[in-house]
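What follows is a single structure, written as structure tokens, with notes after it.
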Amino acid sequence: MMTLHRHALYPVFAALAALAVIHALEAARLAAGAAEMQSLQGSARLAWAAALEKLSLSWYAGARDLVAAYARLADGAAAAARDASRFALGAALAGCIHLGIVLGSARQRPRILAWHLNLLAAGAFVAGILAPVLTVVARAEVPLLGDVILRYSSKSILSTVTDLAAGGNLPLALVITTFSVILPIVKVVLLALVLAPAAALLRTRGLALLQAIGKWTMVDVLVVAILVSVLALEKDPQSQAEVGLGLYFFLAYCLLTLWATQLAGRAESP
């Protein structure tokens, strides 16, 4: 009964994290559609439709239809983004409540707490590589067209890797895949093996390998790169950058695995 009680909130955490990712991706899709309507081609099409509407004395409603379609996309993107934030907060709350339950029932057993931290980290990692980590919008004032979006880009870790590979930049795609996808998966699996009932030799070697992997983590590089991009773009009045939910989920994975690794080492110390 106690085991079931300790694992009761995992489905809630997983469901809320999945819904957060789904709505974040939907918000990015709708925002990309709205940005397309504000691009050079979209703005020119709207200007041409507005001119035809005036010439036809409003009998032709193409411009009004385009404006209404843009409004629907923008409103839908904003609503999806709000829902994604709510679900992400719900997942964080469920995770905190779950850890509180585990701390209350297994205060003197660090291995049990580390096991639960690792399970939560696995869910946060999946959400972190799927959800957008950074959205960049570049715009400019164009004569006759007004405010025009020159570029819209919303990328997750996985979509960045696939885009780099598709663009022929295989070395960089391989580096990001290795340090941001493969090594985190190896770290979660190793932690599970170390914490599960096993031979002492496996636990000792697993902990040593975990410490070695920790030296090659790309978390600080990833965070610094994103922050530098945001700060650089904020200095440009024509560009905007926004950190996505994927970064917060990935940071949660990093902190949870760090905590779990420390507890696993403490559990094996004499």
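Chain labels run A, B, ... following the order of the structure tokens; each chain numbers its residues from 1, and ligands are numbered from 1 in the order shown.
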Q: Taking the DSSP assignment computed from this structure's backbone, write out as a PyMOL selection string all residues of segment 2-214 of chain A that belong to helix (DSSP H, G or I).
A: chain A and resi 2-6+10-37+40-55+62-105+110-130+157-166+170-195+200-214
Q: Would you mind listing what lies within 7 Å of segment 59-67 of chain A as a ChimeraX atom specification, with only C-alpha atoms counted and same-chain residues fewer than 6 positions away left out?
A: /A:46,49-50,52-53
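Distance annotation: of A:Val181, A:Ser239, A:Met37, A:Leu210, the residue with the minimal separation from Phe125 of chain A is A:Val181; atom set is only C-alpha atoms.
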(Q) Given only C-alpha atoms as the basis, pick out the residue of A:Gly76, A:Gly128, A:Pro110, A:Pro11 nearest to Ala94 of chain A. (A) A:Pro11
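Nearest-residue note for His98 of chain A: choosing from A:Leu245, A:Ala196, A:Ala32, A:Val12, the minimum distance belongs to A:Val12, counting only C-alpha atoms.
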Q.
At a cut-off of 12 Å, using only C-alpha atoms, what residues contact Thr178 of chain A? Leave out same-chain residues fewer than 2 positions from it and give the result as a PyMOL selection string.
A. chain A and resi 157-158+161+170-176+180-186+213+216-218
Near segment 91-93 of chain A, within 9 Å and counting only C-alpha atoms, which residues show up once chain neighbours fewer than 3 positions away are dropped, as a CSV table (one decimal) with all heavy atoms, in the first residue's frame?
chain,number,residue,atom,x,y,z
A,12,VAL,N,-0.4,11.7,-12.6
A,12,VAL,CA,-0.8,13.1,-12.6
A,12,VAL,C,0.3,13.9,-13.2
A,12,VAL,O,0.1,14.8,-14.1
A,12,VAL,CB,-1.2,13.5,-11.2
A,12,VAL,CG1,-1.6,15.0,-11.3
A,12,VAL,CG2,-2.4,12.7,-10.7
A,13,PHE,N,1.5,13.7,-12.7
A,13,PHE,CA,2.7,14.5,-13.2
A,13,PHE,C,2.9,14.3,-14.6
A,13,PHE,O,3.1,15.2,-15.4
A,13,PHE,CB,3.9,14.1,-12.4
A,13,PHE,CG,5.2,14.7,-12.9
A,13,PHE,CD1,5.6,16.0,-12.7
A,13,PHE,CD2,6.0,13.9,-13.7
A,13,PHE,CE1,6.7,16.5,-13.2
A,13,PHE,CE2,7.2,14.4,-14.2
A,13,PHE,CZ,7.6,15.7,-14.0
A,14,ALA,N,2.9,13.0,-15.1
A,14,ALA,CA,3.1,12.7,-16.5
A,14,ALA,C,2.0,13.3,-17.4
A,14,ALA,O,2.3,13.8,-18.4
A,14,ALA,CB,3.2,11.2,-16.6
A,15,ALA,N,0.8,13.2,-17.0
A,15,ALA,CA,-0.3,13.7,-17.8
A,15,ALA,C,-0.2,15.2,-17.9
A,15,ALA,O,-0.4,15.8,-19.0
A,15,ALA,CB,-1.7,13.3,-17.2
A,16,LEU,N,0.0,15.9,-16.8
A,16,LEU,CA,0.1,17.4,-16.9
A,16,LEU,C,1.3,17.8,-17.7
A,16,LEU,O,1.2,18.8,-18.4
A,16,LEU,CB,0.2,17.9,-15.4
A,16,LEU,CG,-1.1,17.8,-14.6
A,16,LEU,CD1,-0.8,18.2,-13.2
A,16,LEU,CD2,-2.2,18.6,-15.2
A,17,ALA,N,2.5,17.1,-17.5
A,17,ALA,CA,3.6,17.5,-18.3
A,17,ALA,C,3.4,17.2,-19.8
A,17,ALA,O,3.7,18.1,-20.7
A,17,ALA,CB,4.8,16.7,-17.9
A,20,ALA,N,1.2,20.0,-21.1
A,20,ALA,CA,1.9,21.2,-21.2
A,20,ALA,C,2.7,21.2,-22.5
A,20,ALA,O,2.8,22.2,-23.3
A,20,ALA,CB,2.9,21.4,-20.0
A,86,ARG,N,-0.3,26.8,-17.5
A,86,ARG,CA,-1.0,26.3,-16.4
A,86,ARG,C,-0.7,24.8,-16.2
A,86,ARG,O,-0.6,24.3,-15.0
A,86,ARG,CB,-2.5,26.5,-16.7
A,86,ARG,CG,-3.0,27.9,-16.7
A,86,ARG,CD,-4.5,28.0,-16.7
A,86,ARG,NE,-5.0,29.4,-16.9
A,86,ARG,CZ,-5.4,29.9,-18.0
A,86,ARG,NH1,-5.5,29.1,-19.1
A,86,ARG,NH2,-5.8,31.1,-18.1
A,87,PHE,N,-0.7,24.0,-17.2
A,87,PHE,CA,-0.4,22.6,-17.1
A,87,PHE,C,1.1,22.4,-16.6
A,87,PHE,O,1.3,21.5,-15.8
A,87,PHE,CB,-0.5,21.9,-18.4
A,87,PHE,CG,-2.0,21.7,-18.8
A,87,PHE,CD1,-2.4,22.1,-20.1
A,87,PHE,CD2,-2.9,21.0,-18.0
A,87,PHE,CE1,-3.8,21.9,-20.4
A,87,PHE,CE2,-4.2,20.8,-18.3
A,87,PHE,CZ,-4.6,21.3,-19.6
A,88,ALA,N,2.0,23.2,-17.0
A,88,ALA,CA,3.4,23.1,-16.5
A,88,ALA,C,3.4,23.4,-15.0
A,88,ALA,O,4.1,22.7,-14.2
A,88,ALA,CB,4.3,24.0,-17.3
A,96,CYS,N,6.2,18.5,-6.7
A,96,CYS,CA,6.5,18.9,-5.3
A,96,CYS,C,5.7,18.2,-4.2
A,96,CYS,O,6.3,17.8,-3.2
A,96,CYS,CB,6.3,20.5,-5.2
A,96,CYS,SG,7.5,21.4,-6.2
A,97,ILE,N,4.4,18.0,-4.5
A,97,ILE,CA,3.6,17.3,-3.5
A,97,ILE,C,4.1,15.9,-3.4
A,97,ILE,O,4.2,15.3,-2.3
A,97,ILE,CB,2.2,17.3,-3.9
A,97,ILE,CG1,1.6,18.8,-3.9
A,97,ILE,CG2,1.3,16.4,-3.1
A,97,ILE,CD1,0.2,18.9,-4.4
A,98,HIS,N,4.5,15.3,-4.5
A,98,HIS,CA,4.9,13.9,-4.5
A,98,HIS,C,6.2,13.8,-3.7
A,98,HIS,O,6.4,12.9,-2.9
A,98,HIS,CB,5.2,13.4,-5.9
A,98,HIS,CG,5.8,12.0,-6.0
A,98,HIS,ND1,5.0,10.9,-5.8
A,98,HIS,CD2,7.0,11.6,-6.3
A,98,HIS,CE1,5.8,9.8,-5.9
A,98,HIS,NE2,7.0,10.3,-6.2
Q: Name the residues in contact with Asp83 of chain A at a cut-off of 10 Å, using only C-alpha atoms, excluding same-chain residues fewer than 2 positions from it; report them as a VMD selection string.
A: chain A and resid 19 to 20 22 to 24 27 77 to 81 85 to 89
Q | Polymer residues at most 6 Å from Val133 of chain A, only C-alpha atoms, same-chain spacing of 4 or more positions, as a count of residues only | A | 5
Q. So how many Å separate atom CA of Gly42 of chain A and atom CA of Leu30 of chain A, to one decimal?
A. 15.1 Å
Q: Could you give me, as a PyMOL selection string, each residue of segment 5-192 of chain A that DSSP assigns to strand (DSSP E or B) when run on this structure's backbone?
A: chain A and resi 134-142+146-155
